[in-house]
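Colleague: What follows is the file input_19.cif, containing mmCIF, C-alpha atoms:
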```cif
data_data
#
loop_
_atom_site.label_atom_id
_atom_site.label_comp_id
_atom_site.auth_asym_id
_atom_site.auth_seq_id
_atom_site.Cartn_x
_atom_site.Cartn_y
_atom_site.Cartn_z
CA MET A 256 0.00 0.00 0.00
CA GLN A 257 1.29 3.45 -0.96
CA HIS A 258 0.98 5.71 2.07
CA THR A 259 0.64 9.47 2.36
CA PRO A 260 1.86 11.15 5.58
CA ASP A 261 -1.74 11.39 6.83
CA SER A 262 -2.72 7.80 5.99
CA LEU A 263 0.47 6.42 7.55
CA TRP A 264 -0.12 8.34 10.78
CA LEU A 265 -3.74 7.19 10.92
CA THR A 266 -2.61 3.59 10.47
CA ILE A 267 0.01 3.93 13.21
CA LEU A 268 -2.53 5.33 15.68
CA GLU A 269 -5.04 2.59 14.89
CA GLU A 270 -2.44 -0.17 15.26
CA LEU A 271 -1.31 1.27 18.61
CA GLY A 272 -4.85 0.82 19.90
CA GLU A 273 -7.40 2.72 21.95
CA THR A 274 -4.90 4.10 24.50
CA ALA A 275 -2.96 5.82 21.75
CA LEU A 276 -6.10 6.99 19.96
CA ASN A 277 -7.22 8.85 23.06
CA ASP A 278 -3.81 10.09 24.23
CA ILE A 279 -3.69 13.86 24.59
CA TYR A 280 -0.09 14.14 23.37
CA LEU A 281 -0.44 11.96 20.29
CA ARG A 282 -3.52 13.97 19.38
CA GLN A 283 -1.32 17.08 19.29
CA ALA A 284 1.03 15.48 16.74
CA THR A 285 0.63 16.22 13.04
CA PRO A 286 2.10 14.22 10.13
CA HIS A 287 4.58 16.50 8.37
CA SER A 288 6.28 14.60 5.53
CA LEU A 289 7.11 11.11 4.28
CA THR A 290 10.03 9.97 2.13
CA GLU A 291 11.69 6.59 1.64
CA GLU A 292 14.23 7.55 4.32
CA SER A 293 12.12 9.27 6.96
CA PHE A 294 8.66 9.92 8.35
CA ILE A 295 8.41 13.26 10.16
CA ILE A 296 5.70 14.20 12.61
CA ALA A 297 5.43 17.69 14.08
CA VAL A 298 4.51 18.51 17.69
CA PRO A 299 3.87 21.87 19.39
CA SER A 300 6.38 21.62 22.26
CA ASP A 301 9.47 19.89 23.62
CA TYR A 302 7.35 18.49 26.45
CA THR A 303 4.97 16.84 23.98
CA GLN A 304 7.94 15.36 22.15
CA ASP A 305 9.35 13.94 25.40
CA GLU A 306 6.02 12.40 26.38
CA ILE A 307 5.58 10.72 22.99
CA GLU A 308 9.14 9.41 22.95
CA ASP A 309 8.92 8.08 26.52
CA ARG A 310 5.60 6.28 26.10
CA PHE A 311 5.07 5.44 22.45
CA LEU A 312 8.37 5.59 20.54
CA SER A 313 9.02 1.84 20.37
CA GLY A 314 5.43 1.10 19.35
CA ILE A 315 5.43 3.76 16.63
CA LYS A 316 8.73 2.48 15.25
CA LYS A 317 7.45 -1.09 15.16
CA VAL A 318 4.33 -0.16 13.17
CA LEU A 319 6.39 2.12 10.92
CA ASP A 320 8.73 -0.77 10.09
CA GLU A 321 5.77 -3.03 9.31
CA GLN A 322 4.10 -0.45 7.06
CA THR A 323 7.14 0.80 5.13
CA ARG A 324 9.52 -2.18 5.15
CA ASN A 325 12.36 -0.08 3.79
CA GLY A 326 14.14 1.18 6.89
CA CYS A 327 12.14 4.41 7.08
CA LYS A 328 13.16 6.36 10.22
CA LEU A 329 10.88 8.33 12.52
CA GLN A 330 11.71 11.97 13.25
CA ILE A 331 9.81 14.22 15.63
CA LEU A 332 9.94 17.91 14.75
CA VAL A 333 9.05 20.60 17.29
CA ASP A 334 7.00 23.34 15.63
CA LYS A 335 5.79 25.77 18.28
CA SER A 336 3.46 27.49 15.84
CA LEU A 337 1.22 24.42 16.06
CA ALA A 338 0.28 25.40 19.59
CA LYS A 339 -1.52 28.41 18.15
CA THR A 340 -3.08 26.66 15.18
CA PRO A 341 -6.80 26.08 15.61
CA GLU A 342 -7.95 22.57 14.93
CA PRO A 343 -9.96 22.26 11.74
CA GLU A 344 -13.71 22.09 11.96
CA LYS A 345 -15.52 19.31 10.14
CA THR A 346 -18.65 20.14 8.22
CA VAL A 347 -21.65 17.95 8.91
CA HIS A 348 -24.53 17.87 6.46
CA SER A 349 -28.04 17.74 7.78
CA SER A 350 -30.42 15.20 6.36
CA GLU A 351 -32.09 17.93 4.28
CA GLU A 352 -28.75 18.76 2.67
CA ASP A 353 -27.84 15.18 1.75
CA THR A 354 -27.75 14.49 -1.95
CA PRO A 355 -26.81 11.41 -3.98
CA GLU A 356 -23.29 12.88 -4.19
CA THR A 357 -22.78 13.05 -0.42
CA ALA A 358 -24.18 9.53 -0.09
CA ASN A 359 -21.21 8.23 -2.14
CA LEU A 360 -23.44 6.08 -4.33
CA ASN A 361 -22.57 4.79 -7.80
CA PRO A 362 -25.63 5.54 -9.99
CA ASN A 363 -24.76 2.65 -12.33
CA TYR A 364 -25.42 0.06 -9.63
CA ILE A 365 -29.20 -0.41 -9.52
CA PHE A 366 -31.59 -3.33 -9.13
CA ASP A 367 -32.67 -3.13 -12.76
CA ASN A 368 -29.24 -4.16 -14.08
CA PHE A 369 -28.49 -6.78 -11.42
CA VAL A 370 -28.82 -10.17 -13.10
CA VAL A 371 -30.67 -12.58 -10.81
CA GLY A 372 -30.04 -16.33 -10.69
CA GLN A 373 -30.22 -19.22 -8.28
CA SER A 374 -26.98 -18.27 -6.51
CA ASN A 375 -28.01 -14.70 -5.64
CA ARG A 376 -31.81 -14.79 -5.64
CA ILE A 377 -32.21 -14.64 -1.84
CA CYS A 378 -29.70 -11.80 -1.49
CA HIS A 379 -31.43 -9.82 -4.23
CA ALA A 380 -34.89 -10.37 -2.72
CA THR A 381 -33.88 -9.39 0.81
CA ALA A 382 -31.93 -6.36 -0.41
CA PHE A 383 -34.95 -5.18 -2.40
CA ALA A 384 -37.26 -5.78 0.57
CA ALA A 385 -34.93 -3.87 2.90
CA SER A 386 -34.97 -0.87 0.56
CA ASP A 387 -38.79 -0.91 0.75
CA ASN A 388 -38.97 -1.11 4.54
CA LEU A 389 -36.01 0.56 6.24
CA GLY A 390 -35.47 -0.57 9.81
CA GLY A 391 -37.96 -3.40 9.43
CA GLU A 392 -37.72 -7.17 9.28
CA TYR A 393 -34.32 -7.21 7.57
CA ASN A 394 -32.47 -4.91 9.92
CA PRO A 395 -29.56 -5.38 10.03
CA LEU A 396 -29.02 -7.04 6.67
CA PHE A 397 -25.70 -8.88 6.39
CA ILE A 398 -24.66 -10.05 2.89
CA TYR A 399 -21.61 -12.24 2.54
CA GLY A 400 -19.79 -14.09 -0.23
CA GLY A 401 -16.59 -14.23 -2.25
CA VAL A 402 -14.89 -11.51 -4.26
CA GLY A 403 -16.58 -10.21 -7.39
CA LEU A 404 -20.02 -11.76 -6.86
CA GLY A 405 -22.10 -8.55 -6.67
CA LYS A 406 -22.21 -7.61 -2.99
CA THR A 407 -21.17 -3.99 -3.61
CA HIS A 408 -23.64 -3.74 -6.49
CA LEU A 409 -26.48 -4.69 -4.13
CA LEU A 410 -25.36 -2.16 -1.50
CA HIS A 411 -25.46 0.70 -4.01
CA ALA A 412 -28.71 -0.58 -5.48
CA ILE A 413 -30.38 -0.37 -2.07
CA GLY A 414 -29.11 3.19 -1.57
CA ASN A 415 -30.08 4.34 -5.06
CA ARG A 416 -33.59 2.94 -4.76
CA VAL A 417 -34.17 4.57 -1.37
CA GLN A 418 -33.05 7.92 -2.72
CA ASP A 419 -35.28 7.55 -5.77
CA ILE A 420 -38.34 6.77 -3.65
CA THR A 421 -37.67 9.10 -0.71
CA PRO A 422 -35.05 11.73 -1.71
CA LYS A 423 -35.01 13.32 1.76
CA ARG A 424 -33.79 10.16 3.44
CA LYS A 425 -30.20 10.39 4.65
CA VAL A 426 -28.29 7.60 2.89
CA LEU A 427 -24.60 6.94 3.47
CA TYR A 428 -22.35 4.38 1.76
CA VAL A 429 -18.79 3.84 3.03
CA THR A 430 -16.21 1.12 3.19
CA SER A 431 -15.08 -0.04 6.63
CA GLU A 432 -11.68 1.50 5.87
CA THR A 433 -13.28 4.91 5.29
CA PHE A 434 -15.22 4.58 8.54
CA MET A 435 -11.99 3.74 10.39
CA ASN A 436 -10.00 6.62 8.87
CA GLU A 437 -12.72 9.18 9.60
CA PHE A 438 -13.02 7.88 13.15
CA ILE A 439 -9.28 8.31 13.75
CA GLU A 440 -9.38 11.79 12.22
CA SER A 441 -12.20 12.68 14.60
CA ILE A 442 -9.91 11.76 17.48
CA MET A 443 -6.90 13.61 16.08
CA TYR A 444 -8.98 16.75 15.61
CA ARG A 445 -11.11 16.96 18.72
CA ASN A 446 -13.56 19.51 17.35
CA SER A 447 -14.65 17.03 14.70
CA ALA A 448 -15.62 14.16 17.04
CA GLN A 449 -19.22 15.26 17.39
CA GLY A 450 -19.45 15.86 13.65
CA PHE A 451 -18.31 12.31 12.98
CA ARG A 452 -20.90 10.82 15.33
CA THR A 453 -23.67 13.00 13.94
CA LYS A 454 -22.78 12.00 10.38
CA TYR A 455 -23.05 8.27 11.03
CA ARG A 456 -25.60 8.02 13.83
CA THR A 457 -28.26 10.10 12.10
CA ALA A 458 -28.24 8.15 8.82
CA ASP A 459 -31.58 6.67 7.82
CA LEU A 460 -29.65 4.06 5.84
CA LEU A 461 -26.01 3.15 6.57
CA LEU A 462 -24.31 0.91 3.99
CA ILE A 463 -20.96 -0.52 5.10
CA ASP A 464 -18.82 -2.47 2.62
CA ASP A 465 -16.21 -5.09 3.64
CA ILE A 466 -16.97 -5.07 7.34
CA GLN A 467 -14.39 -7.84 7.87
CA PHE A 468 -11.61 -5.23 7.73
CA LEU A 469 -12.59 -4.00 11.20
CA ALA A 470 -10.77 -7.08 12.54
CA ARG A 471 -8.03 -6.25 15.07
CA LYS A 472 -9.12 -2.57 15.09
CA GLU A 473 -10.30 -2.43 18.70
CA GLY A 474 -10.90 1.31 18.88
CA THR A 475 -12.85 1.36 15.62
CA GLN A 476 -14.86 -1.69 16.67
CA GLU A 477 -15.89 0.11 19.85
CA GLU A 478 -17.03 3.16 17.87
CA PHE A 479 -18.91 1.04 15.33
CA PHE A 480 -20.55 -0.90 18.17
CA ASN A 481 -21.93 2.34 19.59
CA THR A 482 -22.95 3.58 16.14
CA PHE A 483 -24.71 0.29 15.42
CA ASN A 484 -26.63 0.43 18.71
CA GLU A 485 -27.73 4.03 18.13
CA LEU A 486 -28.98 3.31 14.61
CA TYR A 487 -30.67 0.05 15.57
CA MET A 488 -32.50 1.56 18.56
CA ASN A 489 -33.82 4.34 16.31
CA SER A 490 -34.98 1.77 13.69
CA ASN A 491 -32.53 3.10 11.12
CA GLN A 492 -31.44 0.55 8.52
CA ILE A 493 -27.95 -1.00 8.55
CA VAL A 494 -26.67 -3.09 5.63
CA MET A 495 -23.21 -4.68 5.67
CA THR A 496 -21.17 -6.87 3.33
CA SER A 497 -18.35 -9.26 4.15
CA ASP A 498 -16.34 -12.06 2.57
CA ARG A 499 -17.55 -14.50 5.25
CA SER A 500 -20.46 -15.04 7.60
CA PRO A 501 -20.63 -13.26 11.00
CA SER A 502 -19.78 -16.47 12.86
CA MET A 503 -16.59 -16.88 10.79
CA LEU A 504 -15.27 -13.34 11.29
CA GLU A 505 -11.98 -13.59 13.16
CA ASN A 506 -10.52 -11.02 15.54
CA LEU A 507 -13.88 -9.28 15.84
CA GLU A 508 -15.56 -8.75 19.21
CA GLU A 509 -18.26 -11.33 19.87
CA ARG A 510 -20.78 -8.66 20.85
CA LEU A 511 -20.40 -7.17 17.35
CA SER A 512 -20.56 -10.39 15.36
CA SER A 513 -23.63 -11.51 17.34
CA ARG A 514 -25.39 -8.22 16.53
CA PHE A 515 -24.70 -8.77 12.84
CA GLU A 516 -26.99 -11.82 13.06
CA TRP A 517 -29.92 -9.98 14.66
CA GLY A 518 -31.70 -9.41 11.36
CA MET A 519 -31.08 -11.28 8.11
CA VAL A 520 -27.86 -13.01 7.04
CA ALA A 521 -27.82 -13.85 3.32
CA GLU A 522 -25.10 -15.61 1.33
CA ILE A 523 -24.35 -14.74 -2.28
CA ASP A 524 -22.84 -17.80 -3.94
CA LYS A 525 -20.83 -18.43 -7.09
CA PRO A 526 -22.93 -18.14 -10.25
CA ASN A 527 -23.93 -21.32 -12.10
CA TYR A 528 -23.48 -21.66 -15.86
CA GLU A 529 -26.90 -20.26 -16.74
CA LEU A 530 -26.38 -17.14 -14.64
CA ARG A 531 -22.86 -16.60 -16.01
CA LEU A 532 -24.22 -16.78 -19.55
CA ALA A 533 -27.08 -14.39 -18.70
CA ILE A 534 -24.60 -11.91 -17.19
CA LEU A 535 -22.48 -11.99 -20.35
CA GLN A 536 -25.54 -11.47 -22.54
CA ARG A 537 -26.64 -8.53 -20.39
CA LYS A 538 -23.13 -7.05 -20.55
CA CYS A 539 -23.16 -7.28 -24.35
CA GLN A 540 -26.53 -5.54 -24.42
CA ASP A 541 -25.48 -2.74 -22.03
CA GLN A 542 -22.13 -2.13 -23.74
CA ASP A 543 -23.42 -2.50 -27.31
CA PHE A 544 -21.04 -5.38 -28.01
CA GLU A 545 -22.31 -6.58 -31.37
CA ASP A 546 -21.64 -9.72 -33.40
CA ILE A 547 -20.55 -11.86 -30.45
CA SER A 548 -21.97 -15.30 -31.00
CA ASP A 549 -23.64 -17.43 -28.36
CA GLU A 550 -20.84 -19.95 -28.95
CA VAL A 551 -18.22 -17.44 -27.77
CA LEU A 552 -20.30 -16.39 -24.77
CA SER A 553 -20.88 -20.01 -23.87
CA TYR A 554 -17.14 -20.71 -24.06
CA ILE A 555 -16.36 -17.82 -21.69
CA ALA A 556 -19.13 -18.91 -19.30
CA GLU A 557 -17.70 -22.42 -19.18
CA MET A 558 -14.14 -21.22 -18.67
CA VAL A 559 -14.67 -18.69 -15.86
CA THR A 560 -16.65 -20.16 -12.99
CA ALA A 561 -15.89 -18.29 -9.79
CA ASN A 562 -15.98 -14.55 -10.27
CA ILE A 563 -18.41 -12.25 -12.09
CA ARG A 564 -15.84 -9.47 -12.19
CA GLU A 565 -13.38 -11.79 -13.95
CA LEU A 566 -16.14 -12.96 -16.28
CA GLU A 567 -16.95 -9.42 -17.42
CA GLY A 568 -13.26 -8.52 -17.60
CA ILE A 569 -12.51 -11.34 -20.04
CA LEU A 570 -15.42 -10.28 -22.27
CA VAL A 571 -14.08 -6.71 -22.39
CA ARG A 572 -10.55 -8.01 -23.07
CA LEU A 573 -11.74 -10.08 -26.03
CA THR A 574 -13.75 -7.28 -27.62
CA THR A 575 -10.90 -4.81 -27.13
CA GLN A 576 -8.26 -7.09 -28.66
CA ALA A 577 -10.52 -8.03 -31.58
CA SER A 578 -11.04 -4.34 -32.29
CA ILE A 579 -7.33 -3.45 -32.02
CA LEU A 580 -6.25 -6.39 -34.21
CA ASP A 581 -9.18 -5.86 -36.58
CA GLU A 582 -10.18 -9.52 -36.31
CA ARG A 583 -13.52 -11.24 -36.12
CA LEU A 584 -14.43 -12.28 -32.58
CA ASP A 585 -15.28 -15.89 -33.28
CA ILE A 586 -14.68 -19.02 -31.21
CA ASP A 587 -11.20 -19.61 -32.72
CA PHE A 588 -10.11 -16.08 -31.82
CA ALA A 589 -11.50 -16.44 -28.28
CA ARG A 590 -9.70 -19.73 -27.73
CA ARG A 591 -6.43 -18.39 -29.09
CA VAL A 592 -6.47 -15.21 -27.00
CA LEU A 593 -7.62 -16.84 -23.78
CA ASN A 594 -5.28 -19.81 -24.05
CA ASP A 595 -2.35 -17.45 -24.66
CA THR A 596 -3.11 -14.89 -21.97
CA THR A 597 -5.41 -16.39 -19.37
CA PRO A 598 -4.55 -19.15 -16.91
CA ILE A 599 -7.29 -21.58 -16.01
CA SER A 600 -9.73 -19.56 -13.93
CA ARG A 601 -9.47 -19.73 -10.20
CA GLY A 602 -12.87 -21.32 -9.97
CA LEU A 603 -11.78 -24.14 -12.30
CA ARG A 604 -8.53 -24.64 -10.39
CA GLN A 605 -10.48 -24.94 -7.18
CA LYS A 606 -12.45 -27.89 -8.53
CA VAL A 607 -9.40 -30.05 -9.26
CA ILE A 608 -6.77 -29.06 -6.70
CA THR A 609 -6.91 -30.75 -3.32
CA ALA A 610 -5.03 -30.18 -0.09
CA GLU A 611 -3.32 -33.54 -0.59
CA ALA A 612 -2.11 -32.50 -4.06
CA ILE A 613 -0.69 -29.28 -2.65
CA GLN A 614 1.03 -31.10 0.20
CA LYS A 615 2.65 -33.53 -2.27
CA VAL A 616 3.91 -30.79 -4.61
CA VAL A 617 5.32 -28.73 -1.74
CA ALA A 618 6.87 -31.78 -0.05
CA ASP A 619 8.51 -32.88 -3.31
CA HIS A 620 9.93 -29.41 -3.88
CA PHE A 621 11.50 -29.30 -0.43
CA GLN A 622 12.50 -33.00 -0.56
CA LEU A 623 10.24 -33.95 2.34
CA ASP A 624 7.55 -36.55 2.94
CA SER A 625 3.95 -35.33 2.73
CA ASP A 626 3.41 -36.78 6.20
CA ASP A 627 5.98 -34.33 7.56
CA LEU A 628 3.73 -31.39 6.62
CA THR A 629 0.79 -32.84 8.53
CA SER A 630 2.81 -33.96 11.55
CA ALA A 631 3.12 -32.14 14.87
CA LYS A 632 6.87 -31.57 14.36
CA ARG A 633 7.90 -27.91 14.48
CA THR A 634 11.50 -28.13 13.36
CA LYS A 635 12.84 -25.20 11.39
CA VAL A 636 13.14 -27.25 8.22
CA LEU A 637 9.39 -28.03 8.29
CA VAL A 638 7.77 -24.79 9.45
CA PHE A 639 8.32 -22.77 6.26
CA PRO A 640 7.23 -25.49 3.76
CA ARG A 641 4.17 -26.20 5.92
CA GLN A 642 3.20 -22.49 5.91
CA ILE A 643 3.66 -22.37 2.13
CA ALA A 644 1.36 -25.38 1.74
CA MET A 645 -1.26 -23.83 4.01
CA TYR A 646 -1.05 -20.57 2.06
CA LEU A 647 -1.58 -22.38 -1.25
CA CYS A 648 -4.56 -24.26 0.17
CA ARG A 649 -6.27 -20.96 0.95
CA GLU A 650 -5.36 -19.48 -2.44
CA LEU A 651 -6.13 -22.42 -4.71
CA THR A 652 -8.97 -24.38 -3.11
CA GLN A 653 -12.50 -23.79 -1.88
CA LEU A 654 -11.74 -25.41 1.46
CA SER A 655 -12.80 -23.53 4.57
CA LEU A 656 -10.25 -22.65 7.23
CA LEU A 657 -11.53 -25.52 9.35
CA ASP A 658 -11.21 -27.95 6.43
CA ILE A 659 -7.62 -26.85 5.81
CA ALA A 660 -6.82 -27.17 9.50
CA ASP A 661 -8.22 -30.69 9.40
CA ALA A 662 -6.13 -31.54 6.31
CA PHE A 663 -3.00 -30.56 8.28
CA ASN A 664 -4.16 -32.31 11.48
CA ARG A 665 -4.51 -28.98 13.26
CA GLN A 666 -7.13 -28.44 15.96
CA ASN A 667 -7.37 -24.67 15.46
CA HIS A 668 -7.98 -22.81 12.21
CA ARG A 669 -6.01 -19.86 13.62
CA THR A 670 -2.87 -21.79 12.72
CA ILE A 671 -3.91 -21.57 9.07
CA THR A 672 -4.69 -17.86 9.32
CA TYR A 673 -1.33 -17.17 10.95
CA ALA A 674 0.54 -19.17 8.28
CA TYR A 675 -1.30 -17.31 5.50
CA GLU A 676 -0.45 -13.92 7.00
CA GLN A 677 3.21 -14.90 7.45
CA VAL A 678 3.58 -15.96 3.82
CA GLU A 679 1.81 -12.82 2.62
CA LYS A 680 4.43 -10.75 4.42
CA LEU A 681 7.24 -12.85 2.95
CA LEU A 682 5.96 -12.27 -0.59
CA GLU A 683 7.74 -8.91 -0.50
CA ASP A 684 10.86 -11.00 -1.06
CA LYS A 685 11.28 -11.64 -4.81
CA GLU A 686 12.67 -15.13 -4.31
CA ILE A 687 9.75 -16.21 -2.12
CA LYS A 688 7.29 -14.70 -4.58
CA LYS A 689 9.03 -16.60 -7.38
CA LEU A 690 8.81 -19.83 -5.37
CA VAL A 691 5.07 -19.42 -4.75
CA ARG A 692 4.48 -18.69 -8.42
CA LEU A 693 6.52 -21.75 -9.40
CA LEU A 694 4.52 -24.05 -7.12
CA THR A 695 1.25 -22.48 -8.28
CA ASP A 696 2.16 -23.06 -11.92
CA GLU A 697 3.02 -26.68 -11.22
CA LEU A 698 -0.34 -27.20 -9.51
CA THR A 699 -2.38 -25.47 -12.19
#
```
Kindly return the structure encoded in the file as structure tokens.
Modeller:
Amino acid sequence: MQHTPDSLWLTILEELGETALNDIYLRQATPHSLTEESFIIAVPSDYTQDEIEDRFLSGIKKVLDEQTRNGCKLQILVDKSLAKTPEPEKTVHSSEEDTPETANLNPNYIFDNFVVGQSNRICHATAFAASDNLGGEYNPLFIYGGVGLGKTHLLHAIGNRVQDITPKRKVLYVTSETFMNEFIESIMYRNSAQGFRTKYRTADLLLIDDIQFLARKEGTQEEFFNTFNELYMNSNQIVMTSDRSPSMLENLEERLSSRFEWGMVAEIDKPNYELRLAILQRKCQDQDFEDISDEVLSYIAEMVTANIRELEGILVRLTTQASILDERLDIDFARRVLNDTTPISRGLRQKVITAEAIQKVVADHFQLDSDDLTSAKRTKVLVFPRQIAMYLCRELTQLSLLDIADAFNRQNHRTITYAYEQVEKLLEDKEIKKLVRLLTDELT
């Protein structure tokens, strides 16, 4: 992630936790500049500098190292003019002033162009019903499913329909990351705290995307918990999306995840062949893609099985290349282009790759026995290959965390999560990234 001085400082404060978020001295600090060599924060006095260095310096440096990974050094600059600088005021819009622009809605995401099939029918129906009866039977509404299946589309569709029917309703769409960043800013600039709470707690409809990213963010979870309670008690509608069900959300307070199940929990599943084909046909209609035969669309629908976003992306790629090369987009052209440029889709890989196959490939590469990877041994020579195998199981199969844990004879799925996170960090190293790609290619 490419940081700005402000975003890096917000991340540091959040990672340090609630004590840091509410500390009077850290709240006086202001991010000044960020280069590859140094991150400079400015404070209004020598005393503030001393307090920060005595109580938080090691923690700040640790987070800074994790976020930059290039030896970036922290510098604290004393700028006494900051003591006289008024803190910025945040503007809060009343419900009468809210417009579709302030709601952050994408006008292209509406119910009319959401293609309904067996895999998403329940989610579509409950989303539509929630937009008709805010704060009613489906409050809160929690939609979960994999990447690129239409969760964000449904969120915006709910918001757009509510604004079309009742324009004076206060509708607000944000990602969980935006909520977190605005919350931290409200703490940094004390005068804006009330504005932040008013903005979120007076919404008639609050749409939160990717709620799973609140994991490990204790301070933000506390604020969202209070926001949720306020909205729920006032019968204001809350709709959230996630990549997994509330019960499977890790590192999230139980009181939050339990509240997410108070209303309706709906899963959006991978599209079947008929729905994939219908989505492609609708895309051709909306984008005026002419002269694409049903044979070509059927071929794409068979090839890409897991992700609607990938499905649409391949269609656009084919039409673009056919136009650039001035060739006819027939089945031979589609096969040639996709076989040359597109690996077997992730959904197809997931059908044929098993945990046992991954264990064998990894064990062979490291000259180990497959049984070693599933054993309880924790010798140095086994830990890294085992983590690589666990990482590949999460990337290349449809197995749940519990299923993967079982495949490795582990009692706790947290072992799998930890291994995945460790390998993700190591992928910064070119050699490790090359190794993972090599093993992936062999498996696929």
Colleague: Could you tell me which residues the PyMOL selection byres ((chain A and resi 646-663) around 9) grabs in this file, written as a PDB file with C-alpha atoms, in the frame of the given file?
Modeller:
```
ATOM      1  CA  ARG A 601      -9.470 -19.730 -10.200  1.00  0.00           C
ATOM      2  CA  GLY A 602     -12.870 -21.320  -9.970  1.00  0.00           C
ATOM      3  CA  ARG A 604      -8.530 -24.640 -10.390  1.00  0.00           C
ATOM      4  CA  GLN A 605     -10.480 -24.940  -7.180  1.00  0.00           C
ATOM      5  CA  LYS A 606     -12.450 -27.890  -8.530  1.00  0.00           C
ATOM      6  CA  VAL A 607      -9.400 -30.050  -9.260  1.00  0.00           C
ATOM      7  CA  ILE A 608      -6.770 -29.060  -6.700  1.00  0.00           C
ATOM      8  CA  THR A 609      -6.910 -30.750  -3.320  1.00  0.00           C
ATOM      9  CA  ALA A 610      -5.030 -30.180  -0.090  1.00  0.00           C
ATOM     10  CA  GLU A 611      -3.320 -33.540  -0.590  1.00  0.00           C
ATOM     11  CA  ILE A 613      -0.690 -29.280  -2.650  1.00  0.00           C
ATOM     12  CA  GLN A 614       1.030 -31.100   0.200  1.00  0.00           C
ATOM     13  CA  LEU A 628       3.730 -31.390   6.620  1.00  0.00           C
ATOM     14  CA  THR A 629       0.790 -32.840   8.530  1.00  0.00           C
ATOM     15  CA  SER A 630       2.810 -33.960  11.550  1.00  0.00           C
ATOM     16  CA  ARG A 641       4.170 -26.200   5.920  1.00  0.00           C
ATOM     17  CA  GLN A 642       3.200 -22.490   5.910  1.00  0.00           C
ATOM     18  CA  ILE A 643       3.660 -22.370   2.130  1.00  0.00           C
ATOM     19  CA  ALA A 644       1.360 -25.380   1.740  1.00  0.00           C
ATOM     20  CA  MET A 645      -1.260 -23.830   4.010  1.00  0.00           C
ATOM     21  CA  ASN A 664      -4.160 -32.310  11.480  1.00  0.00           C
ATOM     22  CA  ARG A 665      -4.510 -28.980  13.260  1.00  0.00           C
ATOM     23  CA  GLN A 666      -7.130 -28.440  15.960  1.00  0.00           C
ATOM     24  CA  ASN A 667      -7.370 -24.670  15.460  1.00  0.00           C
ATOM     25  CA  HIS A 668      -7.980 -22.810  12.210  1.00  0.00           C
ATOM     26  CA  ARG A 669      -6.010 -19.860  13.620  1.00  0.00           C
ATOM     27  CA  THR A 670      -2.870 -21.790  12.720  1.00  0.00           C
ATOM     28  CA  ILE A 671      -3.910 -21.570   9.070  1.00  0.00           C
ATOM     29  CA  THR A 672      -4.690 -17.860   9.320  1.00  0.00           C
ATOM     30  CA  ALA A 674       0.540 -19.170   8.280  1.00  0.00           C
ATOM     31  CA  TYR A 675      -1.300 -17.310   5.500  1.00  0.00           C
ATOM     32  CA  GLU A 676      -0.450 -13.920   7.000  1.00  0.00           C
ATOM     33  CA  GLN A 677       3.210 -14.900   7.450  1.00  0.00           C
ATOM     34  CA  VAL A 678       3.580 -15.960   3.820  1.00  0.00           C
ATOM     35  CA  GLU A 679       1.810 -12.820   2.620  1.00  0.00           C
ATOM     36  CA  VAL A 691       5.070 -19.420  -4.750  1.00  0.00           C
ATOM     37  CA  LEU A 694       4.520 -24.050  -7.120  1.00  0.00           C
ATOM     38  CA  THR A 695       1.250 -22.480  -8.280  1.00  0.00           C
ATOM     39  CA  LEU A 698      -0.340 -27.200  -9.510  1.00  0.00           C
ATOM     40  CA  THR A 699      -2.380 -25.470 -12.190  1.00  0.00           C
TER      41      THR A 699
END
```
Colleague: Report the distance between CA of Cys378 in chain A and CA of Ser497 in chain A in Å, rounded to one decimal place.
Modeller: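 According to the coordinates, CA of Cys378 in chain A and CA of Ser497 in chain A are separated by 12.9 Å.
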Colleague: First collect every listed atom of range 471-483 of chain A; then fit an axis-aligned box around them, widen it by 5 Å on each side, and give centre and edge lengths in Å to one decimal, as lines of an AutoDock Vina configuration file.
Modeller:
```
center_x = -16.4
center_y = -1.3
center_z = 17.5
size_x = 26.7
size_y = 19.8
size_z = 14.8
```
Colleague: Identify which of the residues A:Ser386, A:Thr407, A:Asn394, A:Gln476 lies closest to Asn363 in chain A, counting all atoms listed in the file when measuring atom-to-atom distances.
Modeller: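 For Asn363 in chain A, the nearest of the given residues is A:Thr407.
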Colleague: Rank nothing, just name the residue among A:Gly326, A:Asn368, A:Asp684, A:Leu637 nearest to Lys538 in chain A, using all atoms listed in the file.
Modeller: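 Going through A:Gly326, A:Asn368, A:Asp684, A:Leu637 one by one, the smallest distance to Lys538 in chain A is for A:Asn368.
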